[in-house]
Structures are given as structure tokens and as C-alpha cells.
>>> print(open('protein08.cif').read())   # mmCIF, C-alpha atoms
data_upload
loop_
_atom_site.label_atom_id
_atom_site.label_comp_id
_atom_site.auth_asym_id
_atom_site.auth_seq_id
_atom_site.Cartn_x
_atom_site.Cartn_y
_atom_site.Cartn_z
CA MET A 300 2.53 -22.44 36.53
CA GLN A 301 5.41 -21.64 34.22
CA ASP A 302 4.91 -19.72 30.98
CA ASP A 303 7.05 -22.24 29.09
CA LYS A 304 4.80 -25.14 30.06
CA ILE A 305 2.34 -26.09 27.30
CA GLU A 306 -0.83 -28.03 28.13
CA LEU A 307 -2.87 -30.38 26.00
CA ARG A 308 -6.55 -29.80 26.76
CA TYR A 309 -8.46 -32.73 25.33
CA TYR A 310 -12.12 -32.69 24.27
CA SER A 311 -14.10 -35.80 23.47
CA ILE A 312 -16.78 -35.34 20.80
CA PRO A 313 -19.89 -37.55 21.29
CA LYS A 314 -20.37 -40.24 18.67
CA GLY A 315 -22.61 -39.11 15.83
CA GLU A 316 -21.91 -35.43 16.51
CA TYR A 317 -19.18 -33.02 15.49
CA LEU A 318 -18.96 -30.43 18.25
CA VAL A 319 -19.20 -29.72 21.95
CA SER A 320 -19.92 -26.25 23.29
CA LYS A 321 -18.81 -24.40 26.39
CA LEU A 322 -21.47 -21.76 27.00
CA GLY A 323 -22.96 -19.67 29.78
CA LYS A 324 -21.84 -17.70 32.83
CA GLY A 325 -18.93 -19.98 33.66
CA TRP A 326 -17.09 -18.57 30.68
CA GLU A 327 -17.45 -14.95 31.78
CA GLN A 328 -14.21 -14.36 33.66
CA GLU A 329 -10.78 -12.72 33.75
CA TYR A 330 -8.91 -15.08 31.46
CA ALA A 331 -5.41 -16.30 32.32
CA LYS A 332 -5.46 -14.59 35.72
CA GLY A 333 -2.49 -15.92 37.68
CA MET A 334 -1.34 -18.07 34.75
CA GLY A 335 0.89 -15.61 32.92
CA ARG A 336 1.14 -16.32 29.20
CA GLN A 337 0.97 -20.09 29.42
CA LEU A 338 -0.02 -21.70 26.12
CA HIS A 339 -2.17 -24.75 25.47
CA PHE A 340 -3.50 -26.68 22.49
CA HIS A 341 -6.43 -28.97 21.71
CA ASN A 342 -7.03 -32.18 19.84
CA VAL A 343 -9.90 -30.54 17.91
CA TYR A 344 -10.70 -27.23 16.18
CA GLU A 345 -11.58 -24.37 18.55
CA ILE A 346 -13.77 -21.35 17.84
CA GLY A 347 -14.14 -18.65 20.50
CA TYR A 348 -16.55 -15.71 20.39
CA CYS A 349 -15.99 -12.64 22.61
CA TYR A 350 -19.23 -10.78 23.35
CA HIS A 351 -17.57 -8.15 25.52
CA GLY A 352 -14.22 -7.45 27.14
CA LYS A 353 -10.73 -6.74 25.97
CA GLY A 354 -7.36 -8.39 26.11
CA GLU A 355 -4.85 -10.31 24.04
CA ALA A 356 -5.19 -13.54 22.09
CA LEU A 357 -1.99 -15.44 21.37
CA ILE A 358 -2.33 -17.85 18.44
CA ASP A 359 0.79 -19.73 17.41
CA ASP A 360 3.43 -17.02 16.85
CA ARG A 361 0.98 -14.11 16.45
CA SER A 362 -0.58 -11.72 18.94
CA TYR A 363 -4.03 -10.15 18.50
CA PHE A 364 -5.71 -7.54 20.71
CA TYR A 365 -9.40 -8.37 21.00
CA GLY A 366 -12.49 -6.42 21.93
CA ASP A 367 -16.27 -6.77 21.71
CA ASN A 368 -17.54 -9.06 18.93
CA CYS A 369 -14.20 -10.54 18.00
CA TYR A 370 -13.83 -14.24 17.38
CA THR A 371 -10.94 -16.66 17.02
CA PHE A 372 -10.25 -19.74 14.90
CA VAL A 373 -7.66 -22.17 16.22
CA PRO A 374 -7.02 -25.47 14.40
CA ALA A 375 -6.14 -28.60 16.33
CA ASN A 376 -2.59 -28.74 17.71
CA ILE A 377 -1.99 -24.97 17.34
CA THR A 378 -0.71 -23.40 20.58
CA HIS A 379 -2.71 -20.45 21.87
CA THR A 380 -4.21 -18.71 24.88
CA THR A 381 -6.54 -15.84 25.80
CA ILE A 382 -5.41 -13.16 28.26
CA SER A 383 -7.79 -10.58 29.70
CA GLU A 384 -6.53 -7.13 30.50
CA PRO A 385 -5.96 -7.02 34.29
CA GLY A 386 -9.25 -6.61 36.11
CA ASN A 387 -11.25 -7.00 32.89
CA ILE A 388 -14.07 -9.56 32.96
CA CYS A 389 -14.54 -10.94 29.45
CA LYS A 390 -17.48 -12.93 28.17
CA TRP A 391 -16.44 -15.64 25.74
CA GLU A 392 -18.25 -18.74 24.53
CA TRP A 393 -16.49 -21.67 22.90
CA LEU A 394 -17.07 -24.36 20.31
CA PHE A 395 -14.80 -27.40 19.99
CA ILE A 396 -15.32 -29.07 16.63
CA ASP A 397 -14.14 -32.25 15.01
CA LEU A 398 -13.85 -30.34 11.76
CA GLU A 399 -11.58 -32.90 10.14
CA GLY A 400 -14.09 -35.66 10.89
CA PHE A 401 -16.94 -33.54 9.54
CA ILE A 402 -15.05 -32.86 6.30
CA ARG A 403 -14.27 -36.54 5.82
CA ASP A 404 -17.86 -37.60 6.55
CA ALA A 405 -20.08 -34.87 5.22
CA ALA A 406 -18.35 -32.04 3.35
CA ARG A 407 -19.18 -31.79 -0.36
CA LEU A 408 -16.90 -29.73 -2.57
CA ASP A 409 -16.55 -31.24 -6.02
CA ASP A 410 -13.52 -29.19 -7.13
CA MET A 411 -11.36 -29.97 -4.07
CA SER A 412 -10.29 -33.18 -2.40
CA LYS A 413 -11.10 -33.65 1.26
CA GLU A 414 -7.41 -33.92 2.08
CA GLU A 415 -6.75 -30.56 0.44
CA ILE A 416 -9.61 -28.94 2.37
CA ILE A 417 -8.29 -30.31 5.66
CA ARG A 418 -4.77 -29.13 4.86
CA ILE A 419 -5.94 -25.59 4.10
CA ILE A 420 -8.18 -25.06 7.12
CA SER A 421 -5.64 -26.64 9.50
CA ARG A 422 -2.78 -24.42 8.35
CA ARG A 423 -3.09 -21.50 10.75
CA GLY A 424 -5.29 -19.79 13.29
CA THR A 425 -6.53 -16.22 13.25
CA MET A 426 -8.85 -13.67 14.83
CA LYS A 427 -11.58 -11.69 13.04
CA SER A 428 -14.24 -9.17 14.02
CA ARG A 429 -17.96 -9.17 13.34
CA LYS A 430 -17.62 -5.70 11.82
CA ASN A 431 -15.09 -6.78 9.17
CA HIS A 432 -16.29 -10.35 8.59
CA PRO A 433 -20.03 -10.39 9.39
CA VAL A 434 -20.91 -13.50 7.35
CA MET A 435 -18.46 -15.67 9.25
CA ALA A 436 -19.56 -14.14 12.57
CA ASN A 437 -23.20 -15.00 11.84
CA ILE A 438 -22.26 -18.61 11.09
CA VAL A 439 -20.42 -18.86 14.41
CA LEU A 440 -23.30 -17.27 16.33
CA ASN A 441 -25.81 -19.61 14.68
CA LEU A 442 -23.68 -22.60 15.66
CA ILE A 443 -23.70 -21.30 19.23
CA ARG A 444 -27.46 -20.72 19.12
CA GLU A 445 -28.18 -24.24 17.84
CA SER A 446 -25.83 -25.75 20.43
CA ARG A 447 -27.55 -23.85 23.20
CA ALA A 448 -31.20 -24.42 22.23
CA LYS A 449 -30.91 -28.02 20.93
CA GLU A 450 -34.28 -27.74 19.24
CA ARG A 451 -35.71 -30.36 16.90
CA LEU A 452 -33.37 -31.11 13.96
CA TYR A 453 -30.55 -29.13 15.57
CA LYS A 454 -27.93 -31.71 14.50
CA ALA A 455 -28.91 -31.31 10.85
CA SER A 456 -28.83 -27.53 11.29
CA ILE A 457 -25.37 -27.67 12.86
CA GLU A 458 -24.08 -29.75 9.94
CA ALA A 459 -25.47 -27.19 7.50
CA TYR A 460 -23.73 -24.37 9.33
CA LEU A 461 -20.51 -26.41 9.48
CA SER A 462 -20.66 -26.76 5.69
CA ALA A 463 -21.01 -22.98 5.40
CA LEU A 464 -18.17 -22.54 7.88
CA VAL A 465 -15.80 -24.72 5.82
CA ILE A 466 -16.61 -22.70 2.69
CA GLU A 467 -15.95 -19.39 4.48
CA LEU A 468 -12.68 -20.71 5.92
CA LEU A 469 -11.55 -21.61 2.41
CA ARG A 470 -12.54 -18.13 1.19
CA LEU A 471 -10.66 -16.60 4.11
CA ASP A 472 -7.55 -18.51 3.09
CA GLU A 473 -7.89 -17.20 -0.48
CA GLU A 474 -8.23 -13.66 0.91
CA ARG A 475 -5.06 -14.16 2.98
CA GLN A 476 -3.11 -15.49 0.01
CA TYR A 477 -4.25 -12.58 -2.17
CA SER A 478 -3.27 -10.08 0.52
CA GLU A 479 0.17 -11.63 0.92
CA ARG A 480 0.71 -11.68 -2.85
CA ALA A 481 -0.44 -8.06 -3.16
CA GLY A 482 1.99 -7.07 -0.42
CA ARG A 483 4.87 -8.76 -2.22
CA VAL A 484 3.92 -7.16 -5.55
CA SER A 485 3.64 -3.75 -3.88
CA ARG A 486 7.17 -4.10 -2.50
CA TYR A 487 8.51 -5.08 -5.93
CA ILE A 488 6.81 -2.12 -7.62
CA GLN A 489 7.96 0.32 -4.95
CA SER A 490 11.55 -0.86 -5.40
CA ALA A 491 11.30 -0.30 -9.15
CA ILE A 492 9.72 3.15 -8.76
CA ASP A 493 12.37 4.21 -6.25
CA TYR A 494 15.08 3.03 -8.62
CA VAL A 495 13.67 5.09 -11.50
CA HIS A 496 13.40 8.25 -9.39
CA PHE A 497 17.02 7.96 -8.29
CA HIS A 498 18.44 6.98 -11.70
CA TYR A 499 16.20 8.64 -14.33
CA THR A 500 19.16 10.78 -15.52
CA GLU A 501 21.07 7.61 -16.45
CA GLU A 502 20.46 4.88 -19.00
CA ILE A 503 17.86 2.56 -17.42
CA LYS A 504 17.33 -0.94 -18.70
CA VAL A 505 14.27 -2.93 -17.72
CA SER A 506 16.58 -5.86 -16.97
CA LYS A 507 18.26 -3.72 -14.29
CA MET A 508 14.90 -2.78 -12.74
CA ALA A 509 14.01 -6.48 -12.62
CA LEU A 510 17.36 -7.27 -11.00
CA VAL A 511 16.76 -4.62 -8.32
CA CYS A 512 13.44 -6.33 -7.52
CA GLY A 513 14.96 -9.82 -7.54
CA LEU A 514 12.73 -10.99 -10.39
CA SER A 515 13.24 -12.33 -13.86
CA GLU A 516 12.74 -9.69 -16.55
CA SER A 517 9.66 -11.39 -17.99
CA HIS A 518 8.05 -11.78 -14.57
CA PHE A 519 8.89 -8.19 -13.65
CA ARG A 520 7.40 -6.81 -16.88
CA ARG A 521 4.18 -8.75 -16.28
CA ILE A 522 3.57 -7.68 -12.68
CA PHE A 523 4.60 -4.09 -13.41
CA GLU A 524 2.12 -3.75 -16.27
CA GLU A 525 -0.63 -5.48 -14.25
CA SER A 526 -0.03 -3.25 -11.20
CA VAL A 527 0.85 0.13 -12.71
CA GLY A 528 -1.10 -0.16 -15.96
CA MET A 529 1.78 0.64 -18.30
CA THR A 530 5.12 -0.75 -19.37
CA PRO A 531 8.25 0.05 -17.34
CA MET A 532 9.58 2.17 -20.21
CA ASP A 533 6.35 4.19 -20.36
CA TYR A 534 6.76 4.93 -16.66
CA ILE A 535 10.42 5.95 -17.09
CA ASN A 536 9.36 8.36 -19.84
CA ILE A 537 6.67 9.93 -17.65
CA VAL A 538 9.18 10.54 -14.84
CA ARG A 539 11.68 12.07 -17.25
CA ILE A 540 9.12 14.32 -18.93
CA GLU A 541 7.80 15.51 -15.57
CA LYS A 542 11.36 16.48 -14.58
CA ALA A 543 11.87 18.14 -17.98
CA CYS A 544 8.70 20.22 -17.51
CA SER A 545 10.05 21.53 -14.21
CA LEU A 546 13.34 22.49 -15.81
CA LEU A 547 11.69 24.06 -18.87
CA SER A 548 9.38 26.27 -16.81
CA GLY A 549 11.76 27.11 -13.99
CA THR A 550 15.28 27.42 -15.44
CA GLU A 551 17.11 29.10 -18.31
CA GLN A 552 18.58 25.84 -19.59
CA SER A 553 18.15 25.15 -23.28
CA VAL A 554 15.92 22.36 -24.57
CA LYS A 555 19.02 20.41 -25.62
CA GLU A 556 20.61 20.74 -22.20
CA ILE A 557 17.40 19.59 -20.51
CA CYS A 558 17.15 16.67 -22.93
CA PHE A 559 20.46 15.26 -21.67
CA ALA A 560 19.81 16.31 -18.06
CA VAL A 561 16.73 14.06 -17.79
CA GLY A 562 18.35 11.01 -19.32
CA TYR A 563 17.65 11.10 -23.08
CA ASP A 564 20.45 10.32 -25.53
CA THR A 565 19.15 12.42 -28.44
CA PRO A 566 16.91 15.47 -28.84
CA SER A 567 14.73 13.58 -31.33
CA THR A 568 13.90 10.90 -28.75
CA PHE A 569 13.23 13.60 -26.15
CA ASN A 570 10.95 15.55 -28.47
CA ARG A 571 8.99 12.45 -29.47
CA ASN A 572 8.35 11.40 -25.86
CA PHE A 573 7.57 14.95 -24.75
CA MET A 574 4.90 15.21 -27.44
CA LYS A 575 3.52 11.81 -26.41
CA VAL A 576 2.94 13.02 -22.85
CA THR A 577 1.98 16.65 -23.29
CA GLY A 578 0.89 17.05 -26.89
CA LYS A 579 3.35 19.95 -27.21
CA THR A 580 6.97 20.33 -28.18
CA PRO A 581 9.45 21.20 -25.43
CA SER A 582 9.89 24.68 -26.95
CA GLN A 583 6.12 25.28 -26.91
CA TRP A 584 5.93 24.17 -23.29
CA LYS A 585 8.82 26.41 -22.30
CA LYS A 586 7.17 29.43 -23.96
CA GLU A 587 3.69 28.80 -22.51
CA HIS A 588 4.75 27.81 -18.99
CA LYS A 589 7.61 30.18 -18.30
CA ASN A 590 8.06 30.68 -14.53
CA GLU A 591 4.99 28.53 -13.76
CA GLY A 592 4.74 25.48 -11.59
CA VAL A 593 4.48 22.13 -13.33
CA ASP A 594 0.88 21.07 -13.89
CA LEU A 595 0.33 18.01 -16.05
CA SER A 596 -3.31 17.60 -15.04
CA ASP A 597 -4.55 18.63 -18.50
CA TYR A 598 -2.34 16.20 -20.38
CA HIS A 599 -2.61 12.55 -21.31
CA VAL A 600 -0.23 9.70 -21.94
CA ASN A 601 -1.12 7.55 -24.93
CA ILE A 602 -0.40 3.97 -23.95
CA LYS A 603 -2.07 0.64 -24.59
CA LYS A 604 -2.86 -0.11 -20.95
CA GLY A 605 -3.68 2.85 -18.78
CA TRP A 606 -5.79 4.63 -16.24
CA GLU A 607 -9.17 6.14 -17.05
CA ALA A 608 -9.88 9.80 -16.49
CA PRO A 609 -12.92 10.59 -14.33
CA GLY A 610 -15.95 10.45 -16.64
CA GLU A 611 -14.17 8.71 -19.51
CA GLN A 612 -15.51 5.52 -21.00
CA LYS A 613 -14.00 2.25 -19.86
CA GLY A 614 -11.33 1.04 -22.23
CA THR A 615 -9.92 4.42 -23.24
CA PRO A 616 -6.22 4.05 -24.13
CA GLU A 617 -5.19 7.08 -22.07
CA LEU A 618 -3.58 7.74 -18.72
CA PHE A 619 -5.02 10.75 -16.93
CA LEU A 620 -2.45 12.43 -14.70
CA LEU A 621 -4.32 13.59 -11.62
CA LYS A 622 -3.43 17.03 -10.38
CA GLY A 623 -1.49 17.07 -7.12
CA GLU A 624 -1.52 13.31 -6.72
CA ASN A 625 0.72 10.39 -7.55
CA VAL A 626 -1.23 8.56 -10.21
CA PHE A 627 0.76 5.41 -9.59
CA ASP A 628 -0.75 5.08 -6.12
CA LYS A 629 -4.26 4.84 -7.56
#
>>> encode(input="protein08.cif", output="C-alpha cells")
Amino acid sequence: MQDDKIELRYYSIPKGEYLVSKLGKGWEQEYAKGMGRQLHFHNVYEIGYCYHGKGEALIDDRSYFYGDNCYTFVPANITHTTISEPGNICKWEWLFIDLEGFIRDAARLDDMSKEEIIRIISRRGTMKSRKNHPVMANIVLNLIRESRAKERLYKASIEAYLSALVIELLRLDEERQYSERAGRVSRYIQSAIDYVHFHYTEEIKVSKMALVCGLSESHFRRIFEESVGMTPMDYINIVRIEKACSLLSGTEQSVKEICFAVGYDTPSTFNRNFMKVTGKTPSQWKKEHKNEGVDLSDYHVNIKKGWEAPGEQKGTPELFLLKGENVFDK
């Protein structure tokens, strides 16, 4: 068979039910042996659970390396395949579910339309592990158990677990969206921080920082404050004062020279911001820390939104600078 050939593997769900299962020894094998990386898709939702073995799961345009107690979710019409490592016998069991039909017939979520639920859970496939997502794993294993035993009232039990499954799939989608948003925000903030560290000696406008990040100024200000816990200008001042402390304690430059060297236009502005961070004037710092390394761990930044020191009460309007660490990574 050719790798570029894609198969439709069709499953018929019995009337009055919502899933068929493929269980037992027949599904303990070396998957895709002799078939290369040929993809296929189904007319219904597929869930696979790997009890033991290792290999690669291809789902749409993503590749996952699986091991014991991993499980996959593949919506209808999403191309995928499972490939065992050569010579590796893997034990999988499979559920094929008319999840769209179940949602239309039986799902009950008052704050979401059934069409919206179907759209969300059909958007993409993924793989998870029992270790990292135990609640979802237990739902899948209970669906397998009920399908295998077929004890009294098993259909009602399966429908209950399918309801729980839909809820967890929706939560999983929220988790994915949050992760993606956090990643984007992290990249924006890192761009802004890098810009400040390269340009702190120059005049820095918040509008320029926003432009570097590709955001509007208002949007940039909001996500910066939410992520870092202070305004962009507060952060610029901290960077400048930290650099000033190094120069004051390690060079013979005058306070006025250092003021201009770290990006301030006037000594009065420099003095005011230095006091805000350290509680001392630049001259006091220079006298007390002559030929010492910079250590701001005993000093605080007075800002409206900030970080709490270890042991301080929640809501304190102070930023505690942690010794030897980058507080902005906290």
C-alpha cells in the first residue's frame, strides 16, 4: 500500500446505541506493520486506549509518541494512524462513538447550543496520558468496561459516561485555548522585556514597546500589567535603577553621569525613581555599597499592582525583588 493513499474505515452504530467497541486479544499487535505511514479516517468519533507498548500516533498534522496508558481522541473525518515501534507488540482497545448523534439526542448543557458543542469537540484530535489527565482516562476506561461486560443497565451507564466525556472534552478545549493564549502573551511580554534591556539608555515610549509587540498601546498596557504585575514604565524604571546600582557600586562615575547613562533626562527624575526602588538616594547607595555587588533583595518597589514577598499578606502594594532571580519570571 502507498503512504499517500487514505482509507475511509466505516463503522455502523446499532440503532438505539451510540458506540461500538473493538476489544480483546485481536487488538494486541504490531500496528501498521508493512503499511508504512498510511492514514485513514472514520465516519464516527474514535477513542483508543494503549495499555502497553510504544510507538507513534499521527493525528491530522501532528505526531505524538505514545507509551503505556496513553489514549487518543480522533473526531470523525480526521486523518490518523497508529504505528508501533518495529517489533513492538502494543495492546490497544478502541471505541467508535456516534458522539454527534449522542449530543443531539441526549446531551444537556444549558449554556451552550448543541451545534456549538459539536463544533468544539469535532475541531481537532489529540493524545493524552492517564498520568496527566486521570479523570478523562477513567471515563474512557469505564466506557470500555461497560462495553465489555454489558451488565444490566449498561446502556444507561454508557450514556452517563458519554455525558461526562463531552464535559471533559469541552474543558480540554478550554485548557488548550488558555495554553495557546498564554503562549502568545508570553511571546509579547518577552519581546517587550528584550526591547527594554537593549534600549534602557534611550528614551522609551510605551507606544514603541507596543509597536515592537505588534499590539495596540491599550491592549499592550493591559496584558503587560496582567502578566508582569506592574505598568511598563514601572518595569523600565526597575531596569534602569538596577543598572544604576551596578554603576554606583562598581565605577567612579558621578551620580549625574550615571543618571544620563541609564536613560534619565534629569537628575531629579533619577533621584525620585531611585528612592522609589531602594528607599535611598543615589549618593547614599554609592557610599554604602562601594565596590560591592548589586543586591536589591532587601528593597521594595512601591507600585499599585505587584508581587508579594514571602510571608507578606495578600494585597500588599509592594514588589519584592528576589535575590539572584528574575522576578519577572515568577
>>> closest_atom_pairs(input="protein08.cif", of="stretch 321-417 of chain A", to="stretch 435-455 of chain A", cutoff="8 Å", atoms="all atoms listed in the file", output="tab-separated table")
residue	atom	partner	partner_atom	distance
A:Leu322	CA	A:Arg447	CA	7.5
A:Ile346	CA	A:Val439	CA	7.9
A:Tyr348	CA	A:Val439	CA	7.8
A:Tyr370	CA	A:Ala436	CA	7.5
A:Leu394	CA	A:Ile443	CA	7.4
>>> write_last_selection(input="protein08.cif", atoms="C-alpha atoms", output="PDB file, keeping the file's coordinate frame")
ATOM      1  CA  LEU A 322     -21.470 -21.760  27.000  1.00  0.00           C
ATOM      2  CA  ILE A 346     -13.770 -21.350  17.840  1.00  0.00           C
ATOM      3  CA  TYR A 348     -16.550 -15.710  20.390  1.00  0.00           C
ATOM      4  CA  TYR A 370     -13.830 -14.240  17.380  1.00  0.00           C
ATOM      5  CA  LEU A 394     -17.070 -24.360  20.310  1.00  0.00           C
TER       6      LEU A 394
END
>>> resolve_selection(input="protein08.cif", expression="the PyMOL selection byres ((chain A and resi 557) around 12)", output="short mmCIF file (atom, residue, chain, number, x, y, z; two decimals) with C-alpha atoms, keeping the file's coordinate frame")
data_model
loop_
_atom_site.label_atom_id
_atom_site.label_comp_id
_atom_site.auth_asym_id
_atom_site.auth_seq_id
_atom_site.Cartn_x
_atom_site.Cartn_y
_atom_site.Cartn_z
CA THR A 500 19.16 10.78 -15.52
CA ARG A 539 11.68 12.07 -17.25
CA ILE A 540 9.12 14.32 -18.93
CA GLU A 541 7.80 15.51 -15.57
CA LYS A 542 11.36 16.48 -14.58
CA ALA A 543 11.87 18.14 -17.98
CA CYS A 544 8.70 20.22 -17.51
CA SER A 545 10.05 21.53 -14.21
CA LEU A 546 13.34 22.49 -15.81
CA LEU A 547 11.69 24.06 -18.87
CA SER A 548 9.38 26.27 -16.81
CA GLY A 549 11.76 27.11 -13.99
CA THR A 550 15.28 27.42 -15.44
CA GLU A 551 17.11 29.10 -18.31
CA GLN A 552 18.58 25.84 -19.59
CA SER A 553 18.15 25.15 -23.28
CA VAL A 554 15.92 22.36 -24.57
CA LYS A 555 19.02 20.41 -25.62
CA GLU A 556 20.61 20.74 -22.20
CA CYS A 558 17.15 16.67 -22.93
CA PHE A 559 20.46 15.26 -21.67
CA ALA A 560 19.81 16.31 -18.06
CA VAL A 561 16.73 14.06 -17.79
CA GLY A 562 18.35 11.01 -19.32
CA TYR A 563 17.65 11.10 -23.08
CA ASP A 564 20.45 10.32 -25.53
CA THR A 565 19.15 12.42 -28.44
CA PRO A 566 16.91 15.47 -28.84
CA PHE A 569 13.23 13.60 -26.15
CA ASN A 570 10.95 15.55 -28.47
CA PHE A 573 7.57 14.95 -24.75
CA PRO A 581 9.45 21.20 -25.43
CA SER A 582 9.89 24.68 -26.95
CA LYS A 585 8.82 26.41 -22.30
#
>>> closest_residue(input="protein08.cif", among="A:Leu471, A:Val319, A:Ile377, A:Leu464", to="A:Leu338", atoms="all atoms listed in the file")
A:Ile377
>>> closest_residue(input="protein08.cif", among="A:Lys413, A:His351, A:Arg521, A:Lys430", to="A:Ala509", atoms="all atoms listed in the file")
A:Arg521
>>> resolve_selection(input="protein08.cif", expression="the PyMOL selection byres ((chain A and resi 512) around 8)", output="PyMOL selection string")
chain A and resi 487-488+490-491+508-511+513-514+519
>>> write_last_selection(input="protein08.cif", atoms="C-alpha atoms", output="mmCIF file, keeping the file's coordinate frame")
data_model
loop_
_atom_site.group_PDB
_atom_site.id
_atom_site.type_symbol
_atom_site.label_atom_id
_atom_site.label_comp_id
_atom_site.auth_asym_id
_atom_site.auth_seq_id
_atom_site.Cartn_x
_atom_site.Cartn_y
_atom_site.Cartn_z
ATOM 1 C CA TYR A 487 8.510 -5.080 -5.930
ATOM 2 C CA ILE A 488 6.810 -2.120 -7.620
ATOM 3 C CA SER A 490 11.550 -0.860 -5.400
ATOM 4 C CA ALA A 491 11.300 -0.300 -9.150
ATOM 5 C CA MET A 508 14.900 -2.780 -12.740
ATOM 6 C CA ALA A 509 14.010 -6.480 -12.620
ATOM 7 C CA LEU A 510 17.360 -7.270 -11.000
ATOM 8 C CA VAL A 511 16.760 -4.620 -8.320
ATOM 9 C CA GLY A 513 14.960 -9.820 -7.540
ATOM 10 C CA LEU A 514 12.730 -10.990 -10.390
ATOM 11 C CA PHE A 519 8.890 -8.190 -13.650
#
>>> closest_residue(input="protein08.cif", among="A:Ile396, A:Trp391, A:Gln328, A:His379", to="A:Pro313", atoms="all atoms listed in the file")
A:Ile396
>>> resolve_selection(input="protein08.cif", expression="the PyMOL selection byres ((chain A and resi 404) around 12)", output="VMD selection string")
chain A and resid 315 to 317 397 to 403 405 to 407 413 to 414 458 461 to 462
>>> closest_residue(input="protein08.cif", among="A:Phe523, A:Ser412, A:Ile537, A:Tyr460", to="A:Ser485", atoms="only C-alpha atoms")
A:Phe523
>>> residues_around(input="protein08.cif", residues="A:Arg520", least_positions_apart="2", cutoff="9 Å", atoms="only C-alpha atoms", output="VMD selection string")
chain A and resid 505 509 515 to 518 522 to 525 530 to 531
>>> axis_aligned_box(input="protein08.cif", around="stretch 560-578 of chain A", padding_each_side="4 Å", output="AutoDock Vina command-line options")
--center_x 10.7 --center_y 13.7 --center_z -24.6 --size_x 27.6 --size_y 14.7 --size_z 21.5
>>> atom_distance(input="protein08.cif", atom1="atom CA of A:Ile312", atom2="atom CA of A:His341")
12.2 Å
>>> closest_residue(input="protein08.cif", among="A:Glu587, A:Asp533, A:Glu306, A:Asp367", to="A:Ile388", atoms="only C-alpha atoms")
A:Asp367
>>> atom_distance(input="protein08.cif", atom1="atom CA of A:Val373", atom2="atom CA of A:Tyr344")
5.9 Å
>>> atom_distance(input="protein08.cif", atom1="atom CA of A:Phe395", atom2="atom CA of A:Tyr310")
7.3 Å
>>> residues_near_point(input="protein08.cif", point="(-12.9, -9.4, 6.0)", cutoff="12 Å", atoms="all atoms listed in the file", output="MDAnalysis selection string")
chainID A and resid 425:436 467:468 470:475 478
>>> closest_residue(input="protein08.cif", among="A:Arg423, A:Lys579, A:His588, A:His496", to="A:Arg361", atoms="all atoms listed in the file")
A:Arg423
>>> residues_around(input="protein08.cif", residues="A:Glu329", least_positions_apart="3", cutoff="12 Å", atoms="all atoms listed in the file", output="list in words")
Gly325, Trp326, Lys332, Gly333, Met334, His351, Gly352, Lys353, Gly354, Glu355, Thr381, Ile382, Ser383, Glu384, Pro385, Gly386, Asn387, Ile388, Cys389, Lys390 and Trp391 of chain A
